[in-house]
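Containing compact mmCIF, N, CA and C atoms: final-v8.txt.
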# COMPACT_ATOMS: atom_id res chain seq x y z
N MET A 963 0.84 -1.18 0.00
CA MET A 963 0.00 0.00 0.00
C MET A 963 0.88 1.24 0.00
N ALA A 964 0.45 2.22 -0.72
CA ALA A 964 1.13 3.51 -0.75
C ALA A 964 0.09 4.58 -0.42
N ARG A 965 0.57 5.70 0.01
CA ARG A 965 -0.29 6.85 0.22
C ARG A 965 0.15 7.92 -0.75
N ILE A 966 -0.79 8.43 -1.52
CA ILE A 966 -0.54 9.51 -2.46
C ILE A 966 -0.86 10.81 -1.74
N ARG A 967 0.07 11.74 -1.75
CA ARG A 967 -0.19 13.06 -1.16
C ARG A 967 -0.13 14.08 -2.29
N CYS A 968 -1.22 14.80 -2.46
CA CYS A 968 -1.30 15.76 -3.56
C CYS A 968 -2.32 16.83 -3.21
N HIS A 969 -2.38 17.85 -4.05
CA HIS A 969 -3.39 18.90 -3.88
C HIS A 969 -4.76 18.29 -4.17
N ARG A 970 -5.77 18.78 -3.48
CA ARG A 970 -7.12 18.22 -3.66
C ARG A 970 -7.58 18.33 -5.11
N ASN A 971 -7.13 19.36 -5.84
CA ASN A 971 -7.51 19.49 -7.25
C ASN A 971 -6.83 18.42 -8.11
N THR A 972 -5.60 18.06 -7.75
CA THR A 972 -4.91 16.98 -8.48
C THR A 972 -5.66 15.68 -8.29
N TRP A 973 -6.07 15.39 -7.05
CA TRP A 973 -6.81 14.16 -6.79
C TRP A 973 -8.15 14.18 -7.54
N ALA A 974 -8.85 15.30 -7.54
CA ALA A 974 -10.11 15.41 -8.27
C ALA A 974 -9.89 15.18 -9.76
N TYR A 975 -8.78 15.71 -10.29
CA TYR A 975 -8.44 15.53 -11.71
C TYR A 975 -8.22 14.04 -12.01
N LEU A 976 -7.47 13.35 -11.15
CA LEU A 976 -7.23 11.92 -11.36
C LEU A 976 -8.53 11.13 -11.26
N LEU A 977 -9.37 11.45 -10.30
CA LEU A 977 -10.67 10.77 -10.17
C LEU A 977 -11.50 10.92 -11.43
N GLU A 978 -11.44 12.10 -12.02
CA GLU A 978 -12.24 12.36 -13.21
C GLU A 978 -11.66 11.70 -14.47
N ASN A 979 -10.34 11.57 -14.55
CA ASN A 979 -9.73 11.16 -15.80
C ASN A 979 -9.21 9.74 -15.89
N VAL A 980 -8.82 9.13 -14.78
CA VAL A 980 -8.34 7.75 -14.84
C VAL A 980 -9.54 6.85 -15.06
N PRO A 981 -9.51 5.99 -16.09
CA PRO A 981 -10.66 5.13 -16.41
C PRO A 981 -11.07 4.24 -15.24
N LYS A 982 -12.38 4.17 -15.00
CA LYS A 982 -12.90 3.39 -13.88
C LYS A 982 -13.68 2.16 -14.31
N ASP A 983 -13.96 2.00 -15.60
CA ASP A 983 -14.72 0.82 -16.02
C ASP A 983 -13.87 -0.02 -16.95
N SER A 984 -14.44 -0.59 -17.97
CA SER A 984 -13.68 -1.49 -18.83
C SER A 984 -12.91 -0.75 -19.92
N GLU A 985 -12.63 0.54 -19.70
CA GLU A 985 -11.81 1.27 -20.66
C GLU A 985 -10.37 0.75 -20.58
N THR A 986 -9.51 1.24 -21.43
CA THR A 986 -8.12 0.79 -21.42
C THR A 986 -7.46 1.26 -20.14
N VAL A 987 -6.94 0.33 -19.36
CA VAL A 987 -6.37 0.71 -18.08
C VAL A 987 -4.93 0.27 -17.90
N ILE A 988 -4.64 -0.99 -17.96
CA ILE A 988 -3.29 -1.44 -17.66
C ILE A 988 -2.45 -1.61 -18.92
N THR A 989 -2.93 -2.38 -19.86
CA THR A 989 -2.11 -2.73 -21.01
C THR A 989 -2.38 -1.88 -22.23
N GLY A 990 -3.37 -1.01 -22.16
CA GLY A 990 -3.77 -0.25 -23.34
C GLY A 990 -4.84 -0.99 -24.13
N HIS A 991 -5.21 -2.18 -23.67
CA HIS A 991 -6.27 -2.96 -24.31
C HIS A 991 -7.48 -2.98 -23.39
N GLU A 992 -8.65 -3.12 -24.01
CA GLU A 992 -9.86 -3.13 -23.20
C GLU A 992 -9.89 -4.37 -22.33
N ARG A 993 -10.34 -4.19 -21.10
CA ARG A 993 -10.43 -5.30 -20.16
C ARG A 993 -11.88 -5.49 -19.76
N GLY A 994 -12.22 -6.69 -19.48
CA GLY A 994 -13.57 -6.97 -18.99
C GLY A 994 -13.54 -7.08 -17.48
N GLN A 995 -14.66 -7.44 -16.92
CA GLN A 995 -14.78 -7.69 -15.48
C GLN A 995 -14.40 -6.49 -14.63
N GLY A 996 -14.88 -5.35 -14.96
CA GLY A 996 -14.67 -4.20 -14.09
C GLY A 996 -13.37 -3.49 -14.33
N SER A 997 -12.95 -2.75 -13.34
CA SER A 997 -11.83 -1.86 -13.52
C SER A 997 -10.68 -2.17 -12.59
N ALA A 998 -9.51 -1.73 -12.99
CA ALA A 998 -8.36 -1.80 -12.10
C ALA A 998 -8.32 -0.58 -11.20
N PHE A 999 -8.95 0.52 -11.61
CA PHE A 999 -8.93 1.74 -10.80
C PHE A 999 -10.16 1.77 -9.92
N ARG A 1000 -9.92 1.51 -8.66
CA ARG A 1000 -10.99 1.54 -7.66
C ARG A 1000 -10.58 2.54 -6.58
N PRO A 1001 -10.98 3.80 -6.74
CA PRO A 1001 -10.56 4.80 -5.77
C PRO A 1001 -11.11 4.48 -4.39
N PRO A 1002 -10.38 4.88 -3.36
CA PRO A 1002 -10.85 4.62 -2.00
C PRO A 1002 -12.10 5.44 -1.70
N ALA A 1003 -12.84 5.00 -0.69
CA ALA A 1003 -14.02 5.75 -0.26
C ALA A 1003 -13.60 7.12 0.25
N GLN A 1004 -14.51 8.07 0.14
CA GLN A 1004 -14.20 9.44 0.54
C GLN A 1004 -13.73 9.52 1.98
N ASP A 1005 -14.26 8.67 2.86
CA ASP A 1005 -13.84 8.73 4.27
C ASP A 1005 -12.43 8.20 4.49
N GLU A 1006 -11.84 7.56 3.47
CA GLU A 1006 -10.45 7.11 3.56
C GLU A 1006 -9.46 8.20 3.10
N VAL A 1007 -9.96 9.24 2.46
CA VAL A 1007 -9.14 10.35 1.98
C VAL A 1007 -8.99 11.35 3.12
N THR A 1008 -7.75 11.64 3.48
CA THR A 1008 -7.49 12.57 4.57
C THR A 1008 -7.26 13.97 4.00
N ALA A 1009 -8.17 14.88 4.33
CA ALA A 1009 -8.04 16.28 3.90
C ALA A 1009 -7.21 17.03 4.93
N GLU A 1010 -6.31 17.87 4.45
CA GLU A 1010 -5.44 18.64 5.34
C GLU A 1010 -5.73 20.13 5.18
N ASP A 1011 -5.28 20.92 6.14
CA ASP A 1011 -5.57 22.36 6.15
C ASP A 1011 -4.95 23.11 4.97
N ASP A 1012 -3.87 22.59 4.40
CA ASP A 1012 -3.16 23.30 3.34
C ASP A 1012 -3.65 22.93 1.94
N ALA A 1013 -4.89 22.44 1.83
CA ALA A 1013 -5.52 22.04 0.56
C ALA A 1013 -4.92 20.76 -0.02
N MET A 1014 -4.10 20.09 0.76
CA MET A 1014 -3.53 18.82 0.33
C MET A 1014 -4.42 17.68 0.85
N VAL A 1015 -4.36 16.54 0.17
CA VAL A 1015 -5.05 15.34 0.62
C VAL A 1015 -4.07 14.18 0.59
N THR A 1016 -4.32 13.20 1.43
CA THR A 1016 -3.56 11.96 1.42
C THR A 1016 -4.54 10.84 1.13
N VAL A 1017 -4.21 10.05 0.09
CA VAL A 1017 -5.12 9.03 -0.43
C VAL A 1017 -4.41 7.68 -0.44
N PRO A 1018 -4.99 6.65 0.19
CA PRO A 1018 -4.37 5.34 0.14
C PRO A 1018 -4.66 4.66 -1.21
N LEU A 1019 -3.61 4.19 -1.87
CA LEU A 1019 -3.76 3.46 -3.13
C LEU A 1019 -2.85 2.25 -3.09
N SER A 1020 -3.30 1.16 -3.67
CA SER A 1020 -2.45 -0.02 -3.73
C SER A 1020 -2.83 -0.89 -4.92
N GLY A 1021 -2.01 -1.86 -5.17
CA GLY A 1021 -2.29 -2.87 -6.18
C GLY A 1021 -2.65 -2.33 -7.54
N THR A 1022 -3.75 -2.87 -8.08
CA THR A 1022 -4.14 -2.50 -9.43
C THR A 1022 -4.61 -1.05 -9.52
N THR A 1023 -5.05 -0.49 -8.41
CA THR A 1023 -5.47 0.92 -8.44
C THR A 1023 -4.27 1.83 -8.68
N LEU A 1024 -3.19 1.58 -7.97
CA LEU A 1024 -1.97 2.36 -8.18
C LEU A 1024 -1.41 2.11 -9.58
N ALA A 1025 -1.46 0.85 -10.03
CA ALA A 1025 -0.99 0.51 -11.38
C ALA A 1025 -1.84 1.20 -12.44
N ALA A 1026 -3.14 1.31 -12.21
CA ALA A 1026 -4.02 1.97 -13.19
C ALA A 1026 -3.68 3.45 -13.33
N VAL A 1027 -3.38 4.11 -12.21
CA VAL A 1027 -3.00 5.53 -12.28
C VAL A 1027 -1.70 5.67 -13.06
N LEU A 1028 -0.71 4.83 -12.75
CA LEU A 1028 0.57 4.89 -13.45
C LEU A 1028 0.39 4.57 -14.93
N SER A 1029 -0.41 3.59 -15.25
CA SER A 1029 -0.66 3.23 -16.65
C SER A 1029 -1.33 4.38 -17.40
N TRP A 1030 -2.31 5.01 -16.77
CA TRP A 1030 -2.98 6.16 -17.40
C TRP A 1030 -1.98 7.27 -17.67
N CYS A 1031 -1.09 7.53 -16.70
CA CYS A 1031 -0.07 8.58 -16.88
C CYS A 1031 0.78 8.30 -18.11
N ARG A 1032 1.09 7.05 -18.34
CA ARG A 1032 1.92 6.68 -19.50
C ARG A 1032 1.11 6.67 -20.79
N ASN A 1033 -0.14 6.19 -20.72
CA ASN A 1033 -0.96 6.04 -21.93
C ASN A 1033 -1.36 7.37 -22.56
N ILE A 1034 -1.39 8.45 -21.81
CA ILE A 1034 -1.81 9.73 -22.40
C ILE A 1034 -0.64 10.47 -23.04
N GLN A 1035 0.57 9.93 -22.95
CA GLN A 1035 1.75 10.65 -23.43
C GLN A 1035 1.86 10.77 -24.94
N PRO A 1036 1.48 9.78 -25.73
CA PRO A 1036 1.65 9.97 -27.18
C PRO A 1036 0.93 11.22 -27.68
N ASN A 1037 1.65 12.04 -28.41
CA ASN A 1037 1.07 13.28 -28.92
C ASN A 1037 0.70 13.07 -30.39
N THR A 1038 -0.54 12.63 -30.60
CA THR A 1038 -1.01 12.42 -31.97
C THR A 1038 -2.13 13.41 -32.26
N LEU A 1039 -2.43 13.59 -33.51
CA LEU A 1039 -3.48 14.53 -33.89
C LEU A 1039 -4.84 14.10 -33.36
N ARG A 1040 -5.05 12.81 -33.16
CA ARG A 1040 -6.35 12.32 -32.69
C ARG A 1040 -6.41 12.17 -31.18
N SER A 1041 -5.37 12.54 -30.49
CA SER A 1041 -5.34 12.41 -29.04
C SER A 1041 -6.26 13.44 -28.39
N PRO A 1042 -7.10 13.00 -27.44
CA PRO A 1042 -7.96 13.96 -26.75
C PRO A 1042 -7.23 14.71 -25.64
N TRP A 1043 -5.98 14.36 -25.39
CA TRP A 1043 -5.24 14.92 -24.26
C TRP A 1043 -4.47 16.17 -24.67
N THR A 1044 -4.57 17.20 -23.84
CA THR A 1044 -3.86 18.45 -24.09
C THR A 1044 -2.43 18.35 -23.56
N GLU A 1045 -1.64 19.35 -23.85
CA GLU A 1045 -0.28 19.38 -23.32
C GLU A 1045 -0.30 19.46 -21.79
N LEU A 1046 -1.28 20.17 -21.25
CA LEU A 1046 -1.42 20.24 -19.79
C LEU A 1046 -1.72 18.85 -19.21
N ASP A 1047 -2.63 18.11 -19.85
CA ASP A 1047 -2.92 16.74 -19.40
C ASP A 1047 -1.66 15.89 -19.42
N ARG A 1048 -0.92 15.97 -20.53
CA ARG A 1048 0.31 15.17 -20.64
C ARG A 1048 1.34 15.60 -19.60
N SER A 1049 1.41 16.89 -19.30
CA SER A 1049 2.35 17.37 -18.28
C SER A 1049 1.99 16.83 -16.90
N ILE A 1050 0.71 16.85 -16.58
CA ILE A 1050 0.26 16.29 -15.30
C ILE A 1050 0.58 14.80 -15.26
N GLY A 1051 0.31 14.11 -16.34
CA GLY A 1051 0.61 12.68 -16.41
C GLY A 1051 2.10 12.39 -16.26
N ARG A 1052 2.94 13.20 -16.92
CA ARG A 1052 4.40 13.00 -16.78
C ARG A 1052 4.85 13.21 -15.35
N ARG A 1053 4.37 14.27 -14.71
CA ARG A 1053 4.78 14.59 -13.34
C ARG A 1053 4.30 13.52 -12.36
N ALA A 1054 3.02 13.15 -12.45
CA ALA A 1054 2.47 12.13 -11.55
C ALA A 1054 3.13 10.77 -11.81
N GLY A 1055 3.30 10.43 -13.08
CA GLY A 1055 3.92 9.15 -13.41
C GLY A 1055 5.36 9.07 -12.93
N ALA A 1056 6.11 10.16 -13.07
CA ALA A 1056 7.50 10.16 -12.61
C ALA A 1056 7.56 10.03 -11.09
N ALA A 1057 6.66 10.70 -10.37
CA ALA A 1057 6.66 10.62 -8.90
C ALA A 1057 6.34 9.21 -8.44
N ILE A 1058 5.35 8.57 -9.07
CA ILE A 1058 4.97 7.21 -8.69
C ILE A 1058 6.10 6.24 -9.03
N SER A 1059 6.66 6.36 -10.24
CA SER A 1059 7.75 5.46 -10.65
C SER A 1059 8.95 5.57 -9.74
N GLN A 1060 9.33 6.79 -9.41
CA GLN A 1060 10.48 7.00 -8.53
C GLN A 1060 10.23 6.38 -7.16
N ALA A 1061 9.05 6.56 -6.63
CA ALA A 1061 8.73 5.98 -5.32
C ALA A 1061 8.74 4.46 -5.38
N LEU A 1062 8.19 3.89 -6.44
CA LEU A 1062 8.14 2.43 -6.55
C LEU A 1062 9.53 1.82 -6.73
N ASP A 1063 10.45 2.58 -7.32
CA ASP A 1063 11.84 2.09 -7.45
C ASP A 1063 12.49 1.90 -6.10
N ASN A 1064 12.01 2.59 -5.08
CA ASN A 1064 12.63 2.54 -3.76
C ASN A 1064 11.85 1.73 -2.74
N VAL A 1065 10.87 0.96 -3.18
CA VAL A 1065 10.07 0.15 -2.27
C VAL A 1065 10.84 -1.09 -1.85
N ILE A 1066 10.78 -1.38 -0.56
CA ILE A 1066 11.38 -2.60 -0.01
C ILE A 1066 10.25 -3.53 0.37
N PRO A 1067 10.23 -4.76 -0.16
CA PRO A 1067 9.15 -5.69 0.17
C PRO A 1067 9.05 -5.94 1.68
N SER A 1068 7.82 -6.10 2.14
CA SER A 1068 7.57 -6.35 3.56
C SER A 1068 6.75 -7.63 3.69
N ASN A 1069 7.01 -8.41 4.72
CA ASN A 1069 6.28 -9.66 4.93
C ASN A 1069 4.92 -9.44 5.56
N GLY A 1070 4.69 -8.32 6.17
CA GLY A 1070 3.43 -8.10 6.85
C GLY A 1070 2.84 -6.76 6.56
N ALA A 1071 1.63 -6.55 7.04
CA ALA A 1071 0.94 -5.29 6.82
C ALA A 1071 1.33 -4.24 7.85
N ASP A 1072 2.19 -4.60 8.80
CA ASP A 1072 2.56 -3.67 9.87
C ASP A 1072 3.70 -2.73 9.49
N GLY A 1073 4.30 -2.94 8.34
CA GLY A 1073 5.44 -2.13 7.95
C GLY A 1073 5.04 -0.72 7.57
N PRO A 1074 6.03 0.14 7.34
CA PRO A 1074 5.74 1.53 6.96
C PRO A 1074 5.09 1.60 5.58
N THR A 1075 4.32 2.65 5.39
CA THR A 1075 3.64 2.88 4.12
C THR A 1075 4.39 3.97 3.36
N ALA A 1076 4.66 3.74 2.09
CA ALA A 1076 5.33 4.75 1.27
C ALA A 1076 4.38 5.92 1.03
N VAL A 1077 4.93 7.14 1.06
CA VAL A 1077 4.15 8.32 0.72
C VAL A 1077 4.71 8.86 -0.59
N ILE A 1078 3.85 9.00 -1.58
CA ILE A 1078 4.23 9.49 -2.90
C ILE A 1078 3.66 10.89 -3.06
N TYR A 1079 4.55 11.86 -3.23
CA TYR A 1079 4.14 13.26 -3.39
C TYR A 1079 3.97 13.55 -4.87
N LEU A 1080 2.76 13.91 -5.29
CA LEU A 1080 2.50 14.20 -6.70
C LEU A 1080 2.65 15.67 -7.03
N ASP A 1081 2.54 16.54 -6.05
CA ASP A 1081 2.62 17.98 -6.29
C ASP A 1081 3.79 18.57 -5.54
N ASP A 1082 4.44 19.51 -6.19
CA ASP A 1082 5.46 20.30 -5.49
C ASP A 1082 4.73 21.40 -4.75
N ARG A 1083 5.19 21.70 -3.58
CA ARG A 1083 4.59 22.79 -2.81
C ARG A 1083 5.23 24.10 -3.22
N VAL A 1084 4.41 25.03 -3.58
CA VAL A 1084 4.89 26.35 -3.97
C VAL A 1084 4.53 27.31 -2.85
N THR A 1085 5.50 28.10 -2.45
CA THR A 1085 5.24 29.11 -1.41
C THR A 1085 5.36 30.48 -2.03
N ALA A 1086 4.85 31.48 -1.33
CA ALA A 1086 4.88 32.84 -1.85
C ALA A 1086 6.29 33.30 -2.16
N LYS A 1087 7.27 32.91 -1.34
CA LYS A 1087 8.63 33.36 -1.60
C LYS A 1087 9.24 32.68 -2.82
N ASP A 1088 8.63 31.58 -3.31
CA ASP A 1088 9.16 30.88 -4.47
C ASP A 1088 8.64 31.45 -5.80
N THR A 1089 7.61 32.25 -5.74
CA THR A 1089 7.01 32.75 -6.97
C THR A 1089 7.69 34.02 -7.43
N THR A 1090 7.62 34.25 -8.70
CA THR A 1090 8.16 35.48 -9.27
C THR A 1090 7.04 36.26 -9.93
N PRO A 1091 7.10 37.58 -9.88
CA PRO A 1091 6.00 38.37 -10.47
C PRO A 1091 5.94 38.25 -11.98

Turn this file's structure into structure tokens for me.
Amino acid sequence: MARIRCHRNTWAYLLENVPKDSETVITGHERGQGSAFRPPAQDEVTAEDDAMVTVPLSGTTLAAVLSWCRNIQPNTLRSPWTELDRSIGRRAGAAISQALDNVIPSNGADGPTAVIYLDDRVTAKDTTP
């Protein structure tokens, strides 16, 4: 299990765009028998004061998000995805991939949970006019 920490708008964007039914999810081919992306219940999402949320994701749900991030990258004339969509996918996909590269297998459920940060925090002193 991993915990995704991101801005609430990023999570809302992923909820809206990652396929939830038999659309192309893992391999780019249509799958039957439901979806790999099963977002957690709203009461499992921890809202924080700074507009960030922490969302538990694991297994095929995490794989579906990563697969979607990769599948929207081809820039073809018939692609419904904008450059902004592809940029979000690249950033989220890179964050998930980097975190998964550093996972150490655990024998039990009592071990630590990885936290994957999808958004960089911007502060007022970091912005330029």

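Here atom N of Arg1000 of chain A is placed at a distance of 18.0 Å from atom C of Ala1057 of chain A.
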
Spatial neighbours of Arg967 of chain A, 7 Å, all atoms listed in the file, chain gap at least 4 places, as a PDB file with N, CA and C atoms, in the coordinates of the input:
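Below you can see selection.pdb, which holds the result:
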ATOM      1  N   MET A1014      -4.100  20.090   0.760  1.00  0.00           N
ATOM      2  CA  MET A1014      -3.530  18.820   0.330  1.00  0.00           C
ATOM      3  C   MET A1014      -4.420  17.680   0.850  1.00  0.00           C
ATOM      4  N   VAL A1015      -4.360  16.540   0.170  1.00  0.00           N
ATOM      5  CA  VAL A1015      -5.050  15.340   0.620  1.00  0.00           C
ATOM      6  C   VAL A1015      -4.070  14.180   0.590  1.00  0.00           C
ATOM      7  N   THR A1016      -4.320  13.200   1.430  1.00  0.00           N
ATOM      8  CA  THR A1016      -3.560  11.960   1.420  1.00  0.00           C
ATOM      9  C   THR A1016      -4.540  10.840   1.130  1.00  0.00           C
ATOM     10  N   VAL A1017      -4.210  10.050   0.090  1.00  0.00           N
ATOM     11  CA  VAL A1017      -5.120   9.030  -0.430  1.00  0.00           C
ATOM     12  C   VAL A1017      -4.410   7.680  -0.440  1.00  0.00           C
ATOM     13  N   VAL A1077       4.930   7.140   1.060  1.00  0.00           N
ATOM     14  CA  VAL A1077       4.150   8.320   0.720  1.00  0.00           C
ATOM     15  C   VAL A1077       4.710   8.860  -0.590  1.00  0.00           C
ATOM     16  N   ILE A1078       3.850   9.000  -1.580  1.00  0.00           N
ATOM     17  CA  ILE A1078       4.230   9.490  -2.900  1.00  0.00           C
ATOM     18  C   ILE A1078       3.660  10.890  -3.060  1.00  0.00           C
ATOM     19  N   TYR A1079       4.550  11.860  -3.230  1.00  0.00           N
ATOM     20  CA  TYR A1079       4.140  13.260  -3.390  1.00  0.00           C
ATOM     21  C   TYR A1079       3.970  13.550  -4.870  1.00  0.00           C
ATOM     22  N   LEU A1080       2.760  13.910  -5.290  1.00  0.00           N
ATOM     23  CA  LEU A1080       2.500  14.200  -6.700  1.00  0.00           C
ATOM     24  C   LEU A1080       2.650  15.670  -7.030  1.00  0.00           C
ATOM     25  N   ASP A1081       2.540  16.540  -6.050  1.00  0.00           N
ATOM     26  CA  ASP A1081       2.620  17.980  -6.290  1.00  0.00           C
ATOM     27  C   ASP A1081       3.790  18.570  -5.540  1.00  0.00           C
TER      28      ASP A1081
END

Worksheet item: Residues of segment 1017-1060 of chain A in helix (DSSP H, G or I) according to DSSP, as a PyMOL selection string?
Response: chain A and resi 1021-1033+1045-1060

Item to complete: Quick one: pull the distance between atom CA of Leu976 of chain A and atom CA of Ile1066 of chain A, Å, one decimal.
Response: 26.2 Å

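Backbone DSSP over segment 988-1056 of chain A yields strand (DSSP E or B) at Thr1008, Ala1009, Met1014, Val1015, Thr1016, Val1017, Pro1018 and Leu1019 of chain A.
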
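A straight line drawn from atom N of Pro981 of chain A to atom C of Trp1043 of chain A is 14.2 Å long.
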
Fill in: Selection: 6.5 Å around Thr1023 of chain A, only N, CA and C atoms, excl. self and same-chain fewer than 5 positions, as a PyMOL selection string
chain A and resi 998-1001+1028

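Using only C-alpha atoms, the nearest neighbour of Asn979 of chain A within the list A:Leu1019, A:Val1007, A:Ala1061, A:Val1027 is A:Val1027.
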
Discussion item. Which residues are near Gln1035 of chain A? Cut-off 6.5 Å, all atoms listed in the file, ignore same chain within fewer than 4 positions. Put them as a list in words.
Written reply: Trp1030, Cys1031 and Arg1048 of chain A

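If only C-alpha atoms are the atoms counted, then among A:Ala1076, A:Leu1062, A:Leu1039, A:Val980 the closest residue to Arg965 of chain A is A:Ala1076.
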
Fill in: Sel. within 8 Å of pt (-3.4, 20.9, -5.3), counting only C-alpha atoms, output as JSON, numbers by chain
{"A": [968, 969, 970, 971, 972, 973, 1013, 1014, 1081]}
